[in-house]
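Chemist: The structure under discussion is supplied below as structure tokens; questions concerning it will follow.
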Amino acid sequence: MAPEAPLVLDHHLRVALLGGELVANRLRARPGLRLILPTGHTPLGMYAALRGHAADGSLPSEQATLFQLDEYLGLGPADERSYRAYLRRELEGVHFGTVYGLDGSAADPDAECARHQARLDEAQINLVVLGLGRDGHVAFDEPGSPVDAGVRRARLHPTTRADAAPDFGGLEHVPEEALTVGLRTLLAARELVMLVSGESKAQALRAMLEDEPGERCPASLLREHPRLTIVCDTAAAGLLPAPAGRSSDRAVIVLGHREPGVSVEHRISDETRARLRRAERDCRREPPRAVILTGYTRTPKGLSEAEQMKAEWTLVDVPAVLEDAGRNTAENASRSLPLIRAIGDVRRVTVVSSAWHVRVPYFFAPYRNFGLRLSFAWAFHG
């Protein structure tokens, strides 16, 4: 099956803003989230959005566990050039319950890697946010990285070192090695979100999505992950074929429905499947910018409704974004709105539900206060 088309936004700041809204959404859905966040220039706006949510009290991060993704070998946490210091600066005011860092100055780097891997392996990582390197690397998993690699020392590719040179005052000051989380951990995570911006990343993004998967482009080994969402700007998408809905001003929201009393996983119902098929017919007729899949989240075990819906969404040329925090139709509506606004340039929203779901227009009516034109598509099932 072909990889899902990335969600292409008009500006790199919107890429980062949507990343921040997705992370905030997942924290609201699962306050005990175990997550890995990236460094670099692309996610700076993501961290600004998270600081804003923390400042207004709407970010429940106190029970969450944050893991560091990578670190330059030889740089300790107090070194302002270290990624640990980057996270400390960018997450000021965002209070995670536990933060597990990587110490690049550890006397025994291999032992440091083993310690970090052991903590990662204690339970599934719920969310990993990634960037993309010009050479196709993710984290510091450089070209040639094996798919089963764990946390380890890695020699940096010349392109990676060249890109880091301005931050170190010259190429000669950039470390030649780093510590990094491996592809094995990334592939085992519950969800991956990749943020890509800039023309310099266009070749790598094309290779990730269109070349034969392989170690030459480590990111390509992630593209079959069942819950991978790629968000990029128009510059990064410059070498990709343009999907029909890229210039659309419309988004589609599909509401989930669970089988009552069937399992603790709250499996999606036939009503949900009928809504998905109704949405797909609508999207074939008029391709939208994006589809938002939303449903009940607070399940003790298993996948959320939105995650189950993602597995059954068949239109790979229409990017599907998950809304995981809503617990009922009213919250599905309110939690989807920040995603719509972060995407930008959306003027019309089509909501897909069942014909018997008569309260849907009422719950989505506040969208009109933001200048959005609403329409509804009904599935006749159940």
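Residue numbering restarts at 1 for every chain of the structure tokens, chains are lettered A, B, ... in their displayed order, and ligands are numbered from 1 as they appear.
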Determine, counting only C-alpha atoms, which protein, DNA and RNA residues have an atom within 12 Å of an atom of A:Val129; residues of the same chain fewer than 3 positions away are not included. Present the result as an NGL selection string.
Modeler: :A and (16 or 18-20 or 22-23 or 26 or 34-40 or 42-43 or 46-47 or 66-69 or 125-126 or 132 or 138-139 or 186 or 189-196 or 227-231)
Chemist: Include C-alpha atoms and write out the residues we just selected as a PDB file, in the first residue's frame.
Modeler:
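Writing done, so here's part-v5.pdb:
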```pdb
ATOM      1  CA  ALA A  16       5.120  23.823  13.989  1.00  0.00           C
ATOM      2  CA  LEU A  18      -0.106  22.104  14.274  1.00  0.00           C
ATOM      3  CA  GLY A  19       2.625  19.974  15.846  1.00  0.00           C
ATOM      4  CA  GLY A  20       2.076  21.805  19.132  1.00  0.00           C
ATOM      5  CA  LEU A  22      -1.287  17.599  18.268  1.00  0.00           C
ATOM      6  CA  VAL A  23       1.050  17.156  21.254  1.00  0.00           C
ATOM      7  CA  ARG A  26      -2.443  13.780  23.097  1.00  0.00           C
ATOM      8  CA  ARG A  34       5.152   8.694  27.412  1.00  0.00           C
ATOM      9  CA  LEU A  35       6.577  10.834  24.632  1.00  0.00           C
ATOM     10  CA  ILE A  36       9.727  11.781  22.752  1.00  0.00           C
ATOM     11  CA  LEU A  37      10.153  15.306  21.384  1.00  0.00           C
ATOM     12  CA  PRO A  38      12.676  16.591  18.821  1.00  0.00           C
ATOM     13  CA  THR A  39      15.144  19.463  18.680  1.00  0.00           C
ATOM     14  CA  GLY A  40      16.189  21.756  15.837  1.00  0.00           C
ATOM     15  CA  THR A  42      11.487  23.351  12.700  1.00  0.00           C
ATOM     16  CA  PRO A  43       9.795  22.569  16.071  1.00  0.00           C
ATOM     17  CA  MET A  46       5.654  23.774  18.509  1.00  0.00           C
ATOM     18  CA  TYR A  47       7.365  24.523  21.799  1.00  0.00           C
ATOM     19  CA  LEU A  66       9.418  12.909  28.417  1.00  0.00           C
ATOM     20  CA  PHE A  67      12.386  11.118  26.858  1.00  0.00           C
ATOM     21  CA  GLN A  68      15.241  12.844  25.075  1.00  0.00           C
ATOM     22  CA  LEU A  69      15.653  11.751  21.451  1.00  0.00           C
ATOM     23  CA  ILE A 125       6.108   5.050  23.934  1.00  0.00           C
ATOM     24  CA  ASN A 126       2.811   6.716  23.068  1.00  0.00           C
ATOM     25  CA  LEU A 132      13.790  15.024   8.994  1.00  0.00           C
ATOM     26  CA  VAL A 138      15.630  10.840  11.841  1.00  0.00           C
ATOM     27  CA  ALA A 139      16.998  11.537  15.318  1.00  0.00           C
ATOM     28  CA  LEU A 186      10.534   4.611  16.864  1.00  0.00           C
ATOM     29  CA  ALA A 189       5.815   3.692  19.284  1.00  0.00           C
ATOM     30  CA  ARG A 190       2.058   4.051  19.297  1.00  0.00           C
ATOM     31  CA  GLU A 191       2.109   7.136  17.053  1.00  0.00           C
ATOM     32  CA  LEU A 192       4.654   9.074  14.978  1.00  0.00           C
ATOM     33  CA  VAL A 193       4.299  12.703  13.932  1.00  0.00           C
ATOM     34  CA  MET A 194       6.924  14.127  11.559  1.00  0.00           C
ATOM     35  CA  LEU A 195       7.339  17.876  11.021  1.00  0.00           C
ATOM     36  CA  VAL A 196       9.222  18.943   7.884  1.00  0.00           C
ATOM     37  CA  ARG A 227      -0.127   5.821  12.684  1.00  0.00           C
ATOM     38  CA  LEU A 228       2.415   8.062  10.979  1.00  0.00           C
ATOM     39  CA  THR A 229       1.339  11.633  10.227  1.00  0.00           C
ATOM     40  CA  ILE A 230       3.628  13.860   8.156  1.00  0.00           C
ATOM     41  CA  VAL A 231       3.048  17.611   8.265  1.00  0.00           C
TER      42      VAL A 231
END
```
Chemist: Could you give me, as CSV, every stretch 28-68 of chain A residue with an atom at most 12 Å from stretch 278-302 of chain A, plus its closest atom pair and distance in Å to one decimal, counting only C-alpha atoms, rows ordered by chain then number?
Modeler:
```
residue,atom,partner,partner_atom,distance
A:Arg28,CA,A:Thr297,CA,9.9
A:Ala29,CA,A:Thr297,CA,6.4
A:Arg30,CA,A:Arg298,CA,7.7
A:Pro31,CA,A:Arg298,CA,10.6
A:Gly32,CA,A:Arg298,CA,11.9
```
Chemist: For the residues in the current selection, export all heavy atoms as a short mmCIF file (atom, residue, chain, number, x, y, z; two decimals), in the first residue's frame.
Modeler:
```cif
data_model
loop_
_atom_site.label_atom_id
_atom_site.label_comp_id
_atom_site.auth_asym_id
_atom_site.auth_seq_id
_atom_site.Cartn_x
_atom_site.Cartn_y
_atom_site.Cartn_z
N ARG A 28 -3.83 15.80 26.64
CA ARG A 28 -5.18 15.88 27.23
C ARG A 28 -5.88 14.53 27.17
O ARG A 28 -6.68 14.20 28.04
CB ARG A 28 -5.99 16.94 26.49
CG ARG A 28 -5.47 18.35 26.70
CD ARG A 28 -6.14 19.35 25.78
NE ARG A 28 -5.54 20.67 25.92
CZ ARG A 28 -5.27 21.48 24.92
NH1 ARG A 28 -5.56 21.10 23.67
NH2 ARG A 28 -4.73 22.66 25.13
N ALA A 29 -5.60 13.77 26.12
CA ALA A 29 -6.22 12.45 25.99
C ALA A 29 -5.66 11.46 27.00
O ALA A 29 -6.39 10.65 27.57
CB ALA A 29 -6.03 11.92 24.58
N ARG A 30 -4.35 11.52 27.22
CA ARG A 30 -3.67 10.57 28.11
C ARG A 30 -2.68 11.35 28.97
O ARG A 30 -1.51 11.51 28.59
CB ARG A 30 -2.94 9.49 27.29
CG ARG A 30 -3.89 8.59 26.52
CD ARG A 30 -3.13 7.49 25.79
NE ARG A 30 -4.06 6.56 25.19
CZ ARG A 30 -4.61 6.73 23.97
NH1 ARG A 30 -4.30 7.79 23.26
NH2 ARG A 30 -5.45 5.85 23.48
N PRO A 31 -3.08 11.83 30.12
CA PRO A 31 -2.18 12.64 30.95
C PRO A 31 -0.90 11.90 31.33
O PRO A 31 0.12 12.53 31.60
CB PRO A 31 -3.03 12.95 32.19
CG PRO A 31 -4.44 12.90 31.68
CD PRO A 31 -4.46 11.80 30.66
N GLY A 32 -0.93 10.56 31.36
CA GLY A 32 0.27 9.79 31.66
C GLY A 32 1.09 9.46 30.43
O GLY A 32 1.83 8.47 30.42
#
```
Chemist: Ranking A:Leu179, A:Ala355, A:Leu120, A:Val151 by minimum distance to A:Leu73 and counting only C-alpha atoms, which one comes first?
Modeler: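 Of A:Leu179, A:Ala355, A:Leu120, A:Val151, the one nearest A:Leu73 is A:Leu179, counting only C-alpha atoms.
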Chemist: Write out as a list in words the residues lying within 10 Å of A:Thr160, counting only C-alpha atoms and excluding same-chain residues fewer than 3 positions away.
Modeler: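 Answer for this query is Gly133, Arg134, Asp135, Gly136, His137, Phe140, Glu142, Leu156, His157, Asp163, Ala164, Ala165, Val174 and Glu176 of chain A.
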Chemist: Now that the selection is made, can you save its residues with N, CA and C atoms as a PDB file, in the first residue's frame?
Modeler:
```
ATOM      1  N   GLY A 133      16.167  14.972   8.501  1.00  0.00           N
ATOM      2  CA  GLY A 133      17.422  15.546   8.058  1.00  0.00           C
ATOM      3  C   GLY A 133      17.534  15.584   6.549  1.00  0.00           C
ATOM      4  N   ARG A 134      18.438  16.430   6.045  1.00  0.00           N
ATOM      5  CA  ARG A 134      18.607  16.554   4.595  1.00  0.00           C
ATOM      6  C   ARG A 134      19.075  15.255   3.949  1.00  0.00           C
ATOM      7  N   ASP A 135      19.745  14.422   4.738  1.00  0.00           N
ATOM      8  CA  ASP A 135      20.213  13.134   4.216  1.00  0.00           C
ATOM      9  C   ASP A 135      19.231  12.005   4.506  1.00  0.00           C
ATOM     10  N   GLY A 136      18.027  12.354   4.985  1.00  0.00           N
ATOM     11  CA  GLY A 136      17.014  11.341   5.273  1.00  0.00           C
ATOM     12  C   GLY A 136      17.107  10.750   6.656  1.00  0.00           C
ATOM     13  N   HIS A 137      17.929  11.351   7.533  1.00  0.00           N
ATOM     14  CA  HIS A 137      18.017  10.777   8.882  1.00  0.00           C
ATOM     15  C   HIS A 137      16.857  11.254   9.749  1.00  0.00           C
ATOM     16  N   PHE A 140      19.388  10.894  15.331  1.00  0.00           N
ATOM     17  CA  PHE A 140      20.705  10.785  14.707  1.00  0.00           C
ATOM     18  C   PHE A 140      20.894   9.394  14.114  1.00  0.00           C
ATOM     19  N   GLU A 142      21.499   7.937  11.185  1.00  0.00           N
ATOM     20  CA  GLU A 142      22.033   8.393   9.911  1.00  0.00           C
ATOM     21  C   GLU A 142      21.904   7.309   8.842  1.00  0.00           C
ATOM     22  N   LEU A 156      28.197  10.857  12.918  1.00  0.00           N
ATOM     23  CA  LEU A 156      27.358  11.803  12.191  1.00  0.00           C
ATOM     24  C   LEU A 156      27.783  11.911  10.734  1.00  0.00           C
ATOM     25  N   HIS A 157      26.787  11.959   9.863  1.00  0.00           N
ATOM     26  CA  HIS A 157      26.999  12.122   8.432  1.00  0.00           C
ATOM     27  C   HIS A 157      27.555  13.533   8.168  1.00  0.00           C
ATOM     28  N   ASP A 163      25.141  20.997   8.579  1.00  0.00           N
ATOM     29  CA  ASP A 163      23.932  21.718   8.975  1.00  0.00           C
ATOM     30  C   ASP A 163      24.043  22.273  10.390  1.00  0.00           C
ATOM     31  N   ALA A 164      24.801  21.599  11.246  1.00  0.00           N
ATOM     32  CA  ALA A 164      24.942  22.033  12.638  1.00  0.00           C
ATOM     33  C   ALA A 164      26.047  23.064  12.825  1.00  0.00           C
ATOM     34  N   ALA A 165      26.875  23.274  11.804  1.00  0.00           N
ATOM     35  CA  ALA A 165      28.036  24.142  11.947  1.00  0.00           C
ATOM     36  C   ALA A 165      27.701  25.554  12.446  1.00  0.00           C
ATOM     37  N   VAL A 174      31.933  21.014  15.535  1.00  0.00           N
ATOM     38  CA  VAL A 174      30.783  20.112  15.619  1.00  0.00           C
ATOM     39  C   VAL A 174      31.265  18.714  16.004  1.00  0.00           C
ATOM     40  N   GLU A 176      31.732  14.754  16.183  1.00  0.00           N
ATOM     41  CA  GLU A 176      31.673  13.765  15.112  1.00  0.00           C
ATOM     42  C   GLU A 176      30.756  12.596  15.444  1.00  0.00           C
TER      43      GLU A 176
END
```
Chemist: Looking at A:Gly131, A:Pro218, A:Gly371, A:Gly150, which one is nearest to A:Arg115, with distances taken over only C-alpha atoms?
Modeler: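 Among the listed residues, the smallest separation from A:Arg115 belongs to A:Gly150.
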Chemist: What's the 10 Å shell around A:Arg341, counting only C-alpha atoms, without same-chain residues fewer than 2 positions away, as a list in words?
Modeler: Arg14, Leu17, Leu18, Glu21, Ser336, Leu337, Pro338, Leu339, Ile343, Gly344, Asp345, Val346, Arg347, Phe370 and Leu372 of chain A
